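Here is my_file12.pdb, consisting of PDB, C-alpha atoms:
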```
ATOM      1  CA  MET A   1       1.836 198.329  13.462
ATOM      2  CA  LYS A   2       1.581 197.712  17.199
ATOM      3  CA  ARG A   3      -1.611 196.472  18.786
ATOM      4  CA  THR A   4      -3.490 198.774  21.092
ATOM      5  CA  ALA A   5      -4.349 197.603  24.611
ATOM      6  CA  GLU A   6      -7.759 196.655  23.256
ATOM      7  CA  GLY A   7      -6.128 194.824  20.354
ATOM      8  CA  ASN A   8      -4.032 192.809  22.814
ATOM      9  CA  ALA A   9      -7.103 192.051  24.918
ATOM     10  CA  VAL A  10      -9.148 190.848  21.936
ATOM     11  CA  THR A  11      -6.224 188.713  20.755
ATOM     12  CA  GLU A  12      -6.113 187.038  24.177
ATOM     13  CA  LEU A  13      -9.893 186.599  24.033
ATOM     14  CA  ILE A  14      -9.658 185.018  20.569
ATOM     15  CA  LEU A  15      -6.975 182.570  21.681
ATOM     16  CA  GLU A  16      -9.011 181.615  24.757
ATOM     17  CA  THR A  17     -12.100 181.231  22.560
ATOM     18  CA  PHE A  18     -10.200 178.791  20.320
ATOM     19  CA  ARG A  19      -9.172 176.799  23.406
ATOM     20  CA  LEU A  20     -12.714 176.830  24.786
ATOM     21  CA  ASN A  21     -14.105 175.760  21.409
ATOM     22  CA  GLY A  22     -11.891 172.676  21.476
ATOM     23  CA  GLN A  23     -12.988 171.882  25.023
ATOM     24  CA  LEU A  24     -16.661 172.342  24.121
ATOM     25  CA  LEU A  25     -16.332 170.026  21.122
ATOM     26  CA  GLU A  26     -14.646 167.403  23.288
ATOM     27  CA  ALA A  27     -17.360 167.704  25.954
ATOM     28  CA  GLY A  28     -20.062 167.573  23.285
ATOM     29  CA  ASP A  29     -18.580 164.413  21.821
ATOM     30  CA  ARG A  30     -18.582 162.827  25.287
ATOM     31  CA  LEU A  31     -22.177 163.910  26.009
ATOM     32  CA  THR A  32     -23.539 162.765  22.648
ATOM     33  CA  ALA A  33     -21.609 159.521  22.112
ATOM     34  CA  PRO A  34     -24.048 157.305  24.066
ATOM     35  CA  LEU A  35     -26.831 158.527  21.754
ATOM     36  CA  GLY A  36     -24.971 157.869  18.497
ATOM     37  CA  LEU A  37     -24.004 161.466  17.767
ATOM     38  CA  THR A  38     -20.953 163.733  17.757
ATOM     39  CA  SER A  39     -20.654 167.431  18.488
ATOM     40  CA  ALA A  40     -20.662 168.177  14.770
ATOM     41  CA  ARG A  41     -23.796 166.134  14.139
ATOM     42  CA  TRP A  42     -25.471 167.693  17.184
ATOM     43  CA  GLN A  43     -24.599 171.134  15.853
ATOM     44  CA  VAL A  44     -26.394 170.417  12.571
ATOM     45  CA  LEU A  45     -29.451 169.005  14.334
ATOM     46  CA  GLY A  46     -29.403 171.919  16.768
ATOM     47  CA  ALA A  47     -29.616 174.413  13.916
ATOM     48  CA  ILE A  48     -32.800 172.763  12.664
ATOM     49  CA  GLU A  49     -34.223 172.447  16.169
ATOM     50  CA  TYR A  50     -33.441 176.094  16.987
ATOM     51  CA  GLU A  51     -35.055 177.297  13.766
ATOM     52  CA  GLY A  52     -38.128 175.136  14.386
ATOM     53  CA  ARG A  53     -38.481 174.175  10.741
ATOM     54  CA  PRO A  54     -36.605 172.181   8.098
ATOM     55  CA  LEU A  55     -33.630 173.946   6.539
ATOM     56  CA  THR A  56     -31.463 173.420   3.487
ATOM     57  CA  VAL A  57     -27.849 172.373   3.858
ATOM     58  CA  ALA A  58     -26.729 175.886   2.872
ATOM     59  CA  GLN A  59     -29.024 177.480   5.464
ATOM     60  CA  ILE A  60     -27.643 175.229   8.193
ATOM     61  CA  GLY A  61     -24.110 176.122   7.146
ATOM     62  CA  ARG A  62     -24.789 179.855   7.287
ATOM     63  CA  ARG A  63     -26.460 179.642  10.696
ATOM     64  CA  MET A  64     -23.715 177.536  12.229
ATOM     65  CA  GLY A  65     -20.691 179.063  10.516
ATOM     66  CA  LEU A  66     -19.870 175.859   8.643
ATOM     67  CA  SER A  67     -19.161 175.239   4.987
ATOM     68  CA  ARG A  68     -21.936 173.810   2.871
ATOM     69  CA  GLN A  69     -19.704 170.841   2.039
ATOM     70  CA  ALA A  70     -19.078 170.031   5.710
ATOM     71  CA  VAL A  71     -22.789 170.240   6.471
ATOM     72  CA  GLN A  72     -23.629 168.043   3.466
ATOM     73  CA  ARG A  73     -21.247 165.357   4.707
ATOM     74  CA  LEU A  74     -22.807 165.506   8.193
ATOM     75  CA  VAL A  75     -26.346 165.443   6.794
ATOM     76  CA  ASN A  76     -25.449 162.367   4.732
ATOM     77  CA  ASP A  77     -24.178 160.688   7.916
ATOM     78  CA  LEU A  78     -27.286 161.711   9.852
ATOM     79  CA  GLU A  79     -29.554 160.440   7.093
ATOM     80  CA  GLY A  80     -27.757 157.104   7.076
ATOM     81  CA  LEU A  81     -28.218 156.826  10.853
ATOM     82  CA  GLY A  82     -31.930 157.665  10.617
ATOM     83  CA  PHE A  83     -31.784 161.059  12.353
ATOM     84  CA  VAL A  84     -32.941 163.078   9.329
ATOM     85  CA  ARG A  85     -34.601 162.605   5.984
ATOM     86  CA  LEU A  86     -34.340 164.809   2.913
ATOM     87  CA  GLU A  87     -37.492 166.190   1.326
ATOM     88  CA  ASP A  88     -38.129 168.174  -1.814
ATOM     89  CA  ASN A  89     -38.065 171.915  -1.321
ATOM     90  CA  PRO A  90     -40.966 173.731  -3.007
ATOM     91  CA  ASP A  91     -38.824 176.904  -3.156
ATOM     92  CA  HIS A  92     -35.758 175.345  -4.777
ATOM     93  CA  LYS A  93     -35.478 172.300  -7.030
ATOM     94  CA  ARG A  94     -31.949 171.245  -6.062
ATOM     95  CA  ALA A  95     -31.705 172.391  -2.420
ATOM     96  CA  ARG A  96     -33.589 169.720  -0.509
ATOM     97  CA  LEU A  97     -34.862 170.291   3.021
ATOM     98  CA  VAL A  98     -33.288 168.497   5.980
ATOM     99  CA  VAL A  99     -36.120 167.195   8.165
ATOM    100  CA  PRO A 100     -35.607 165.648  11.621
ATOM    101  CA  THR A 101     -37.129 162.212  12.164
ATOM    102  CA  ALA A 102     -39.077 161.095  15.238
ATOM    103  CA  MET A 103     -35.918 159.323  16.435
ATOM    104  CA  CYS A 104     -34.014 162.588  16.069
ATOM    105  CA  LEU A 105     -36.555 164.562  18.074
ATOM    106  CA  LYS A 106     -36.520 161.941  20.844
ATOM    107  CA  THR A 107     -32.709 162.022  20.931
ATOM    108  CA  LEU A 108     -32.649 165.826  21.056
ATOM    109  CA  ARG A 109     -35.052 165.769  24.036
ATOM    110  CA  GLN A 110     -32.695 163.368  25.799
ATOM    111  CA  LEU A 111     -29.711 165.552  24.957
ATOM    112  CA  ASP A 112     -31.500 168.606  26.303
ATOM    113  CA  GLY A 113     -31.621 167.032  29.757
ATOM    114  CA  ILE A 114     -28.011 165.842  29.551
ATOM    115  CA  GLN A 115     -26.826 169.265  28.392
ATOM    116  CA  ALA A 116     -28.855 171.076  31.073
ATOM    117  CA  SER A 117     -27.165 169.093  33.823
ATOM    118  CA  TRP A 118     -23.734 169.689  32.269
ATOM    119  CA  ALA A 119     -24.402 173.424  31.756
ATOM    120  CA  ASN A 120     -25.547 173.821  35.361
ATOM    121  CA  GLU A 121     -22.373 172.137  36.600
ATOM    122  CA  LEU A 122     -20.199 174.220  34.266
ATOM    123  CA  THR A 123     -21.662 177.525  35.441
ATOM    124  CA  ASN A 124     -21.820 176.745  39.148
ATOM    125  CA  GLY A 125     -20.376 179.805  40.904
ATOM    126  CA  ILE A 126     -20.532 182.123  37.880
ATOM    127  CA  SER A 127     -23.281 184.730  38.020
ATOM    128  CA  GLU A 128     -25.870 185.038  35.297
ATOM    129  CA  THR A 129     -24.894 188.718  35.036
ATOM    130  CA  ALA A 130     -21.273 187.808  34.268
ATOM    131  CA  LEU A 131     -22.362 185.253  31.691
ATOM    132  CA  ARG A 132     -24.765 187.715  30.024
ATOM    133  CA  ARG A 133     -21.981 190.323  29.906
ATOM    134  CA  ALA A 134     -19.659 187.807  28.228
ATOM    135  CA  LEU A 135     -22.405 186.843  25.776
ATOM    136  CA  LYS A 136     -23.011 190.490  24.899
ATOM    137  CA  ALA A 137     -19.297 191.031  24.222
ATOM    138  CA  LEU A 138     -19.081 187.919  22.030
ATOM    139  CA  ILE A 139     -22.158 188.945  20.044
ATOM    140  CA  GLU A 140     -20.739 192.423  19.489
ATOM    141  CA  LEU A 141     -17.389 191.011  18.357
ATOM    142  CA  SER A 142     -19.157 188.541  16.057
ATOM    143  CA  GLU A 143     -21.217 191.312  14.468
ATOM    144  CA  ARG A 144     -18.153 193.512  14.008
ATOM    145  CA  CYS A 145     -16.155 190.640  12.520
ATOM    146  CA  ALA A 146     -18.991 189.886  10.077
ATOM    147  CA  ALA A 147     -19.195 193.563   9.078
ATOM    148  CA  ILE A 148     -15.440 193.729   8.450
ATOM    149  CA  GLU A 149     -15.582 190.529   6.363
ATOM    150  CA  GLN A 150     -18.546 191.822   4.399
ATOM    151  CA  GLN A 151     -16.713 195.068   3.683
ATOM    152  CA  ALA A 152     -13.570 193.180   2.652
ATOM    153  CA  ASN A 153     -15.597 191.024   0.266
ATOM    154  CA  LYS A 154     -16.938 194.146  -1.461
ATOM    155  CA  THR A 155     -13.462 195.256  -2.450
TER
END
```

Now that the file is in, can you turn its structure into structure tokens?
Amino acid sequence: MKRTAEGNAVTELILETFRLNGQLLEAGDRLTAPLGLTSARWQVLGAIEYEGRPLTVAQIGRRMGLSRQAVQRLVNDLEGLGFVRLEDNPDHKRARLVVPTAMCLKTLRQLDGIQASWANELTNGISETALRRALKALIELSERCAAIEQQANKT
């Protein structure tokens, strides 16, 4: 089967997204290194910060598109570094809650300022309208991809 024009365009978008993802991870590692983090660790902490409450490893994985095993490994690292602690979960005996420590919250506040400066530099000369349009397209593609995967898993 041949791709449609739209199929070609989305394939190009996917390939560029993969490239951008690698660049974002590299930039994140550079931004977080002075604070004892990596992009992957920041991603886990960001999920908890964004949610505004402790989450289980599985919940973090679902929100960030990561496997539970990968998140568990990162949480173990973060716990060892003093960024999080694990607490009993009243809703589930085995799925403990990942709770940010005071050190973690201080570090995330520092990272917020570092990331804001970087994001402002990155977007200099690109309109908010263009960025919102790109965000809308990515969200729509993400939702469609999830729906296709969900349908495939039913069969």

Expansion of the PyMOL selection byres ((chain A and resi 27) around 12) into residues, as a VMD selection string: chain A and resid 20 to 26 28 to 33 38 to 40 42 114 to 115 118 to 119 122

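Residues of protein, DNA or RNA having at least one counted atom within 12 Å of (-31.9, 163.2, 25.5), given only C-alpha atoms, are Leu31, Thr32, Ala33, Pro34, Leu35, Gly36, Leu37, Trp42, Met103, Cys104, Leu105, Lys106, Thr107, Leu108, Arg109, Gln110, Leu111, Asp112, Gly113, Ile114, Gln115, Ala116 and Ser117 of chain A.
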
Writing out the chosen residues with C-alpha atoms as a PDB file, in the coordinates of the input:
```pdb
ATOM      1  CA  LEU A  31     -22.177 163.910  26.009  1.00  0.00           C
ATOM      2  CA  THR A  32     -23.539 162.765  22.648  1.00  0.00           C
ATOM      3  CA  ALA A  33     -21.609 159.521  22.112  1.00  0.00           C
ATOM      4  CA  PRO A  34     -24.048 157.305  24.066  1.00  0.00           C
ATOM      5  CA  LEU A  35     -26.831 158.527  21.754  1.00  0.00           C
ATOM      6  CA  GLY A  36     -24.971 157.869  18.497  1.00  0.00           C
ATOM      7  CA  LEU A  37     -24.004 161.466  17.767  1.00  0.00           C
ATOM      8  CA  TRP A  42     -25.471 167.693  17.184  1.00  0.00           C
ATOM      9  CA  MET A 103     -35.918 159.323  16.435  1.00  0.00           C
ATOM     10  CA  CYS A 104     -34.014 162.588  16.069  1.00  0.00           C
ATOM     11  CA  LEU A 105     -36.555 164.562  18.074  1.00  0.00           C
ATOM     12  CA  LYS A 106     -36.520 161.941  20.844  1.00  0.00           C
ATOM     13  CA  THR A 107     -32.709 162.022  20.931  1.00  0.00           C
ATOM     14  CA  LEU A 108     -32.649 165.826  21.056  1.00  0.00           C
ATOM     15  CA  ARG A 109     -35.052 165.769  24.036  1.00  0.00           C
ATOM     16  CA  GLN A 110     -32.695 163.368  25.799  1.00  0.00           C
ATOM     17  CA  LEU A 111     -29.711 165.552  24.957  1.00  0.00           C
ATOM     18  CA  ASP A 112     -31.500 168.606  26.303  1.00  0.00           C
ATOM     19  CA  GLY A 113     -31.621 167.032  29.757  1.00  0.00           C
ATOM     20  CA  ILE A 114     -28.011 165.842  29.551  1.00  0.00           C
ATOM     21  CA  GLN A 115     -26.826 169.265  28.392  1.00  0.00           C
ATOM     22  CA  ALA A 116     -28.855 171.076  31.073  1.00  0.00           C
ATOM     23  CA  SER A 117     -27.165 169.093  33.823  1.00  0.00           C
TER      24      SER A 117
END
```

Within 12 Å of A:Arg68 using all atoms listed in the file, minus same-chain residues under 5 positions, as JSON, numbers by chain: {"A": [44, 56, 57, 58, 59, 60, 61, 62, 63, 73, 74, 75, 95]}

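The spacing separating atom CA of A:Leu55 from atom CA of A:Gln150 amounts to 23.5 Å.
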
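What separates atom CA of A:Arg41 from atom CA of A:Leu141 is a distance of 26.0 Å.
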
Work out where the centre of an axis-aligned box around every listed atom of stretch 101-114 of chain A lies and how long its edges are once 6 Å is added on each side; give both in Å to one decimal as AutoDock Vina command-line options.
```
--center_x -33.5 --center_y 164.0 --center_z 21.0 --size_x 23.1 --size_y 21.3 --size_z 29.6
```

Selected residue of minimal separation from A:Ile48 among A:Thr129, A:Thr123, A:Thr101, A:Thr11, counting all atoms listed in the file: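 For A:Ile48, the nearest of the given residues is A:Thr101.
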
Selected residue, from A:Gly52, A:Arg133, A:Ser127, A:Gln43, that lies nearest to A:Ala70 when counting only C-alpha atoms: A:Gln43

Distance of atom CA of A:Gly80 from atom CA of A:Gly65, expressed in Å to one decimal place: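 Going from atom CA of A:Gly65 over to atom CA of A:Gly80, I get 23.3 Å.
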
Residues within 9 Å of A:Glu79, all atoms listed in the file, excluding chain neighbours under 6 positions, as a ChimeraX atom specification: /A:85-86,98

Take the residues that were just selected and, keeping C-alpha atoms, output them as a short mmCIF file (atom, residue, chain, number, x, y, z; two decimals), in the coordinates of the input.
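In the end it all went to result_34.cif:
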```cif
data_model
loop_
_atom_site.label_atom_id
_atom_site.label_comp_id
_atom_site.auth_asym_id
_atom_site.auth_seq_id
_atom_site.Cartn_x
_atom_site.Cartn_y
_atom_site.Cartn_z
CA ARG A 85 -34.60 162.60 5.98
CA LEU A 86 -34.34 164.81 2.91
CA VAL A 98 -33.29 168.50 5.98
#
```
